[in-house]
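Colleague: So I've got this file, my_file_3.cif, and it contains mmCIF, C-alpha atoms; chains and numbers go by the auth columns:
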data_start
#
loop_
_atom_site.group_PDB
_atom_site.id
_atom_site.type_symbol
_atom_site.label_atom_id
_atom_site.label_comp_id
_atom_site.label_asym_id
_atom_site.label_seq_id
_atom_site.Cartn_x
_atom_site.Cartn_y
_atom_site.Cartn_z
_atom_site.B_iso_or_equiv
_atom_site.auth_seq_id
_atom_site.auth_asym_id
ATOM 1 C CA ILE A 1 -22.398 -61.155 9.957 0.00 1392 M
ATOM 2 C CA ASP A 2 -22.349 -64.689 11.290 0.00 1393 M
ATOM 3 C CA LYS A 3 -18.656 -65.493 11.562 0.00 1394 M
ATOM 4 C CA LYS A 4 -19.215 -69.158 12.425 0.00 1395 M
ATOM 5 C CA SER A 5 -21.023 -69.858 9.158 0.00 1396 M
ATOM 6 C CA SER A 6 -19.115 -67.186 7.157 0.00 1397 M
ATOM 7 C CA SER A 7 -22.454 -65.665 6.188 0.00 1398 M
ATOM 8 C CA LEU A 8 -24.111 -62.316 5.895 0.00 1399 M
ATOM 9 C CA ILE A 9 -27.598 -62.584 7.353 0.00 1400 M
ATOM 10 C CA ASN A 10 -30.507 -60.466 6.064 0.00 1401 M
ATOM 11 C CA PHE A 11 -33.576 -59.493 8.054 0.00 1402 M
ATOM 12 C CA ALA A 12 -36.519 -58.167 6.022 0.00 1403 M
ATOM 13 C CA VAL A 13 -38.544 -55.468 7.742 0.00 1404 M
ATOM 14 C CA GLY A 14 -42.303 -55.914 7.644 0.00 1405 M
ATOM 15 C CA LYS A 15 -45.271 -54.149 9.205 0.00 1406 M
ATOM 16 C CA ASP A 16 -45.095 -56.546 12.185 0.00 1407 M
ATOM 17 C CA GLY A 17 -41.335 -56.248 12.721 0.00 1408 M
ATOM 18 C CA LEU A 18 -38.462 -58.314 11.439 0.00 1409 M
ATOM 19 C CA ALA A 19 -39.005 -61.399 9.297 0.00 1410 M
ATOM 20 C CA LYS A 20 -37.081 -64.617 9.788 0.00 1411 M
ATOM 21 C CA PRO A 21 -33.396 -64.257 8.934 0.00 1412 M
ATOM 22 C CA SER A 22 -32.136 -65.408 5.557 0.00 1413 M
ATOM 23 C CA VAL A 23 -28.590 -65.884 4.298 0.00 1414 M
ATOM 24 C CA GLY A 24 -27.665 -62.985 2.010 0.00 1415 M
ATOM 25 C CA LEU A 25 -24.322 -64.430 0.974 0.00 1416 M
ATOM 26 C CA ARG A 26 -21.658 -66.872 2.078 0.00 1417 M
ATOM 27 C CA ASP A 27 -17.947 -66.287 1.749 0.00 1418 M
ATOM 28 C CA PRO A 28 -15.079 -67.809 3.773 0.00 1419 M
ATOM 29 C CA GLN A 29 -13.562 -64.330 4.232 0.00 1420 M
ATOM 30 C CA LEU A 30 -16.549 -63.314 6.381 0.00 1421 M
ATOM 31 C CA SER A 31 -15.236 -65.485 9.233 0.00 1422 M
ATOM 32 C CA GLY A 32 -12.597 -62.794 9.816 0.00 1423 M
ATOM 33 C CA ALA A 33 -14.942 -59.782 9.680 0.00 1424 M
ATOM 34 C CA ILE A 34 -14.374 -57.019 12.223 0.00 1425 M
ATOM 35 C CA ASP A 35 -16.675 -54.292 10.859 0.00 1426 M
ATOM 36 C CA LEU A 36 -19.006 -53.496 7.985 0.00 1427 M
ATOM 37 C CA SER A 37 -20.503 -50.487 6.240 0.00 1428 M
ATOM 38 C CA ILE A 38 -23.266 -50.342 3.667 0.00 1429 M
ATOM 39 C CA ASP A 39 -24.102 -47.977 0.834 0.00 1430 M
ATOM 40 C CA SER A 40 -25.481 -49.654 -2.288 0.00 1431 M
ATOM 41 C CA SER A 41 -22.629 -52.139 -1.729 0.00 1432 M
ATOM 42 C CA ILE A 42 -21.471 -53.945 1.419 0.00 1433 M
ATOM 43 C CA TYR A 43 -17.924 -53.231 2.609 0.00 1434 M
ATOM 44 C CA ILE A 44 -16.472 -55.731 5.075 0.00 1435 M
ATOM 45 C CA LEU A 45 -13.346 -54.963 7.070 0.00 1436 M
ATOM 46 C CA THR A 46 -11.279 -58.026 7.975 0.00 1437 M
ATOM 47 C CA LYS A 47 -8.008 -58.420 9.838 0.00 1438 M
ATOM 48 C CA THR A 48 -6.163 -58.503 6.513 0.00 1439 M
ATOM 49 C CA GLY A 49 -7.966 -55.690 4.678 0.00 1440 M
ATOM 50 C CA ALA A 50 -11.344 -54.924 3.181 0.00 1441 M
ATOM 51 C CA ILE A 51 -13.661 -56.606 0.702 0.00 1442 M
ATOM 52 C CA LYS A 52 -16.650 -55.298 -1.200 0.00 1443 M
ATOM 53 C CA PHE A 53 -19.801 -57.124 -2.257 0.00 1444 M
ATOM 54 C CA GLN A 54 -22.357 -56.002 -4.836 0.00 1445 M
ATOM 55 C CA ASN A 55 -25.467 -57.997 -5.695 0.00 1446 M
ATOM 56 C CA GLY A 56 -24.244 -60.984 -3.662 0.00 1447 M
ATOM 57 C CA ARG A 57 -20.861 -61.177 -5.409 0.00 1448 M
ATOM 58 C CA GLN A 58 -17.425 -59.933 -4.515 0.00 1449 M
ATOM 59 C CA ALA A 59 -16.576 -56.720 -6.409 0.00 1450 M
ATOM 60 C CA ALA A 60 -13.299 -54.992 -7.231 0.00 1451 M
ATOM 61 C CA PHE A 61 -11.841 -53.399 -4.082 0.00 1452 M
ATOM 62 C CA SER A 62 -8.161 -53.468 -3.172 0.00 1453 M
ATOM 63 C CA LEU A 63 -5.931 -51.868 -0.535 0.00 1454 M
ATOM 64 C CA ALA A 64 -2.759 -52.790 -2.435 0.00 1455 M
ATOM 65 C CA ALA A 65 -1.290 -49.269 -2.695 0.00 1456 M
ATOM 66 C CA LEU A 66 -0.862 -48.723 1.062 0.00 1457 M
ATOM 67 C CA THR A 67 2.682 -47.887 2.196 0.00 1458 M
ATOM 68 C CA ALA A 68 2.074 -49.816 5.434 0.00 1459 M
ATOM 69 C CA PRO A 69 -0.392 -52.735 5.327 0.00 1460 M
ATOM 70 C CA PHE A 70 -3.631 -52.501 7.299 0.00 1461 M
ATOM 71 C CA SER A 71 -2.898 -53.319 10.955 0.00 1462 M
ATOM 72 C CA GLY A 72 -5.845 -55.670 11.479 0.00 1463 M
ATOM 73 C CA THR A 73 -7.770 -53.423 13.894 0.00 1464 M
ATOM 74 C CA GLY A 74 -10.125 -50.618 12.994 0.00 1465 M
ATOM 75 C CA LYS A 75 -13.432 -49.521 11.530 0.00 1466 M
ATOM 76 C CA ILE A 76 -14.848 -48.903 8.051 0.00 1467 M
ATOM 77 C CA TYR A 77 -17.431 -46.261 7.175 0.00 1468 M
ATOM 78 C CA THR A 78 -19.308 -44.963 4.146 0.00 1469 M
ATOM 79 C CA GLN A 79 -22.829 -43.983 3.161 0.00 1470 M
ATOM 80 C CA LYS A 80 -24.854 -44.112 -0.022 0.00 1471 M
ATOM 81 C CA ASP A 81 -24.301 -40.431 -0.857 0.00 1472 M
ATOM 82 C CA PHE A 82 -20.582 -40.427 0.099 0.00 1473 M
ATOM 83 C CA ASN A 83 -17.833 -40.133 -2.491 0.00 1474 M
ATOM 84 C CA TYR A 84 -15.379 -42.117 -0.385 0.00 1475 M
ATOM 85 C CA VAL A 85 -14.883 -45.047 1.978 0.00 1476 M
ATOM 86 C CA TYR A 86 -13.137 -44.193 5.255 0.00 1477 M
ATOM 87 C CA LEU A 87 -10.973 -46.667 7.115 0.00 1478 M
ATOM 88 C CA LEU A 88 -9.788 -46.152 10.685 0.00 1479 M
ATOM 89 C CA ASP A 89 -6.530 -48.109 10.948 0.00 1480 M
ATOM 90 C CA ALA A 90 -6.042 -48.169 14.735 0.00 1481 M
ATOM 91 C CA GLY A 91 -2.751 -50.077 14.777 0.00 1482 M
ATOM 92 C CA ASN A 92 -1.090 -47.648 12.358 0.00 1483 M
ATOM 93 C CA LYS A 93 -2.701 -44.593 14.008 0.00 1484 M
ATOM 94 C CA ARG A 94 -4.160 -43.277 10.776 0.00 1485 M
ATOM 95 C CA ILE A 95 -7.376 -42.732 8.893 0.00 1486 M
ATOM 96 C CA LEU A 96 -7.432 -43.687 5.234 0.00 1487 M
ATOM 97 C CA ILE A 97 -9.659 -42.115 2.619 0.00 1488 M
ATOM 98 C CA LEU A 98 -10.312 -44.508 -0.260 0.00 1489 M
ATOM 99 C CA ASP A 99 -12.314 -44.258 -3.434 0.00 1490 M
ATOM 100 C CA LYS A 100 -15.105 -46.802 -3.827 0.00 1491 M
ATOM 101 C CA LYS A 101 -12.714 -49.209 -5.611 0.00 1492 M
ATOM 102 C CA GLY A 102 -10.236 -49.184 -2.705 0.00 1493 M
ATOM 103 C CA ASN A 103 -7.648 -46.835 -4.206 0.00 1494 M
ATOM 104 C CA LEU A 104 -5.926 -44.646 -1.634 0.00 1495 M
ATOM 105 C CA VAL A 105 -6.937 -40.992 -1.939 0.00 1496 M
ATOM 106 C CA ARG A 106 -5.340 -39.721 1.270 0.00 1497 M
ATOM 107 C CA SER A 107 -3.839 -40.941 4.533 0.00 1498 M
ATOM 108 C CA ILE A 108 -4.432 -38.806 7.621 0.00 1499 M
ATOM 109 C CA LYS A 109 -2.009 -39.041 10.531 0.00 1500 M
ATOM 110 C CA SER A 110 -1.824 -36.813 13.571 0.00 1501 M
ATOM 111 C CA ASP A 111 0.168 -36.590 16.789 0.00 1502 M
ATOM 112 C CA MET A 112 -3.248 -36.538 18.494 0.00 1503 M
ATOM 113 C CA PHE A 113 -3.944 -40.095 17.256 0.00 1504 M
ATOM 114 C CA THR A 114 -2.609 -42.119 20.171 0.00 1505 M
ATOM 115 C CA SER A 115 -5.302 -44.765 20.705 0.00 1506 M
ATOM 116 C CA LEU A 116 -7.944 -44.657 17.969 0.00 1507 M
ATOM 117 C CA LYS A 117 -11.234 -46.289 18.987 0.00 1508 M
ATOM 118 C CA ASP A 118 -13.971 -45.156 16.579 0.00 1509 M
ATOM 119 C CA PHE A 119 -14.936 -42.433 14.154 0.00 1510 M
ATOM 120 C CA GLN A 120 -17.807 -40.797 12.292 0.00 1511 M
ATOM 121 C CA ILE A 121 -17.659 -38.797 9.067 0.00 1512 M
ATOM 122 C CA ASP A 122 -19.735 -35.812 7.937 0.00 1513 M
ATOM 123 C CA GLU A 123 -18.633 -35.685 4.307 0.00 1514 M
ATOM 124 C CA LYS A 124 -21.062 -32.914 3.343 0.00 1515 M
ATOM 125 C CA GLY A 125 -19.915 -30.732 6.256 0.00 1516 M
ATOM 126 C CA LYS A 126 -16.279 -31.792 5.662 0.00 1517 M
ATOM 127 C CA LEU A 127 -15.872 -32.905 9.285 0.00 1518 M
ATOM 128 C CA MET A 128 -14.486 -35.987 10.974 0.00 1519 M
ATOM 129 C CA TYR A 129 -15.185 -36.979 14.580 0.00 1520 M
ATOM 130 C CA VAL A 130 -12.617 -39.320 16.082 0.00 1521 M
ATOM 131 C CA LEU A 131 -12.837 -41.123 19.407 0.00 1522 M
ATOM 132 C CA ASN A 132 -9.228 -41.296 20.543 0.00 1523 M
ATOM 133 C CA ASP A 133 -8.620 -42.934 23.910 0.00 1524 M
ATOM 134 C CA GLY A 134 -10.963 -40.904 26.167 0.00 1525 M
ATOM 135 C CA SER A 135 -11.222 -37.819 23.951 0.00 1526 M
ATOM 136 C CA LEU A 136 -13.483 -36.871 21.079 0.00 1527 M
ATOM 137 C CA LEU A 137 -11.597 -35.008 18.354 0.00 1528 M
ATOM 138 C CA LYS A 138 -13.374 -32.858 15.788 0.00 1529 M
ATOM 139 C CA MET A 139 -11.272 -32.340 12.674 0.00 1530 M
ATOM 140 C CA ALA A 140 -11.755 -30.824 9.228 0.00 1531 M
ATOM 141 C CA LEU A 141 -11.664 -33.281 6.338 0.00 1532 M
ATOM 142 C CA PRO A 142 -9.061 -32.351 3.735 0.00 1533 M
#
So that I can check it, write out the structure of this file as C-alpha cells.
Modeller:
Amino acid sequence: IDKKSSSLINFAVGKDGLAKPSVGLRDPQLSGAIDLSIDSSIYILTKTGAIKFQNGRQAAFSLAALTAPFSGTGKIYTQKDFNYVYLLDAGNKRILILDKKGNLVRSIKSDMFTSLKDFQIDEKGKLMYVLNDGSLLKMALP
C-alpha cells in the first residue's frame, strides 16, 4: 500500500524475479491503511474500520454492529480457506471474529489482554496465538 498516492501496488512475479510495480487500485481510504490481509479479496484495516476490495472495486463489508467502535490500532487477518476475518482491536483489548461481509460473529476479551501487539490464527486447528506485551499466548478459538 502506498499511502501517499492512496494506491495498492501490485508486483507480478516472473522467472527473473519481480516485475515493475503497477497500480492495482486507487482509493482515498488507502491513505489511512494500517494493515491488510488477502484471501480472494483484499481487506484493508484503517484507523476508522475495515474495507474490502474485490476485483478492483470496494465490496460490501461493514463493522457497524460493534458495541464499541474500532479503536484505530490493530491488525487484520484471514486466508483463502478461512471462514472468518479476524481483527485484533488493540485499543479495546479484544479480538473480533467477523464473517466475510464484516458482520460480528464473536468478540473475545480476556484479562490477559493488556497490551495486544499481534496475532496469528490457525482456524483448522482452532487455535489463536496472541502477542501480548512481551508474552505469547496460545488460546483455543471458540
Colleague: Got a sec: who's within 8 Å of Ser1498 (chain M), counting only C-alpha atoms, leaving out chain neighbours fewer than 2 positions off, as a list in words?
Modeller: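 Skipping anything fewer than 2 positions along the chain leaves Arg1485, Ile1486, Leu1487, Ile1488, Leu1495, Val1496 and Lys1500 of chain M.
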Colleague: Written as a ChimeraX atom specification, which residues does the PyMOL selection byres ((chain M and resi 1399) around 7) give for the file shown?
Modeller: /M:1392-1393,1398,1400-1401,1414-1417
Colleague: Could you list, as a PyMOL selection string, every residue matched by the PyMOL selection byres ((chain M and resi 1429) around 8) in this structure?
Modeller: chain M and resi 1427-1428+1430-1434+1468-1471
Colleague: Keeping only C-alpha atoms, write those residues as an mmCIF file, keeping the file's coordinate frame.
Modeller:
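See result22.cif below for the written result:
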data_model
loop_
_atom_site.group_PDB
_atom_site.id
_atom_site.type_symbol
_atom_site.label_atom_id
_atom_site.label_comp_id
_atom_site.auth_asym_id
_atom_site.auth_seq_id
_atom_site.Cartn_x
_atom_site.Cartn_y
_atom_site.Cartn_z
ATOM 1 C CA LEU M 1427 -19.006 -53.496 7.985
ATOM 2 C CA SER M 1428 -20.503 -50.487 6.240
ATOM 3 C CA ASP M 1430 -24.102 -47.977 0.834
ATOM 4 C CA SER M 1431 -25.481 -49.654 -2.288
ATOM 5 C CA SER M 1432 -22.629 -52.139 -1.729
ATOM 6 C CA ILE M 1433 -21.471 -53.945 1.419
ATOM 7 C CA TYR M 1434 -17.924 -53.231 2.609
ATOM 8 C CA TYR M 1468 -17.431 -46.261 7.175
ATOM 9 C CA THR M 1469 -19.308 -44.963 4.146
ATOM 10 C CA GLN M 1470 -22.829 -43.983 3.161
ATOM 11 C CA LYS M 1471 -24.854 -44.112 -0.022
#
Colleague: Using 5 Å of padding on each side, determine the axis-aligned box around all atoms of region 1502-1516 of chain M present in the file and give its centre and edge lengths in Å to one decimal, as lines of an AutoDock Vina configuration file.
Modeller:
center_x = -10.4
center_y = -38.5
center_z = 12.0
size_x = 31.2
size_y = 25.6
size_z = 27.4
Colleague: Quick check, in Å to one decimal: how far apart do CA of Gly1493 (chain M) and CA of Ser1397 (chain M) lie?
Modeller: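 Answer for the CA of Gly1493 (chain M) to CA of Ser1397 (chain M) separation: 22.4 Å.
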Colleague: Could you please give me, as a list in words, the residues of protein, DNA or RNA lying at most 6 Å from (-17.6, -42.1, 15.3) in the coordinate frame of the file, considering only C-alpha atoms?
Modeller: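 Looking at atoms near the point gives Asp1509, Phe1510, Gln1511, Tyr1520 and Val1521 of chain M.
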Colleague: For the PyMOL selection byres ((chain M and resi 1452) around 8), applied here, can you spell out every residue it catches as a list of chain:residue names?
Modeller: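 After applying the PyMOL selection byres ((chain M and resi 1452) around 8), what remains is M:Ala1441, M:Ile1442, M:Lys1443, M:Ala1450, M:Ala1451, M:Ser1453, M:Leu1454, M:Lys1491, M:Lys1492, M:Gly1493, M:Asn1494.
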Colleague: If you measure from CA of Leu1489 (chain M) to CA of Lys1466 (chain M), what distance in Å do you get, rounded to one decimal?
Modeller: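 Separation of CA of Leu1489 (chain M) and CA of Lys1466 (chain M): 13.2 Å.
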Colleague: Between M:Gln1420, M:Asn1483, M:Thr1464, M:Thr1505, which has the minimum distance to Leu1528 (chain M) (counting all atoms listed in the file)?
Modeller: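 Looking at the shortest contact to Leu1528 (chain M), the residue is M:Thr1505.
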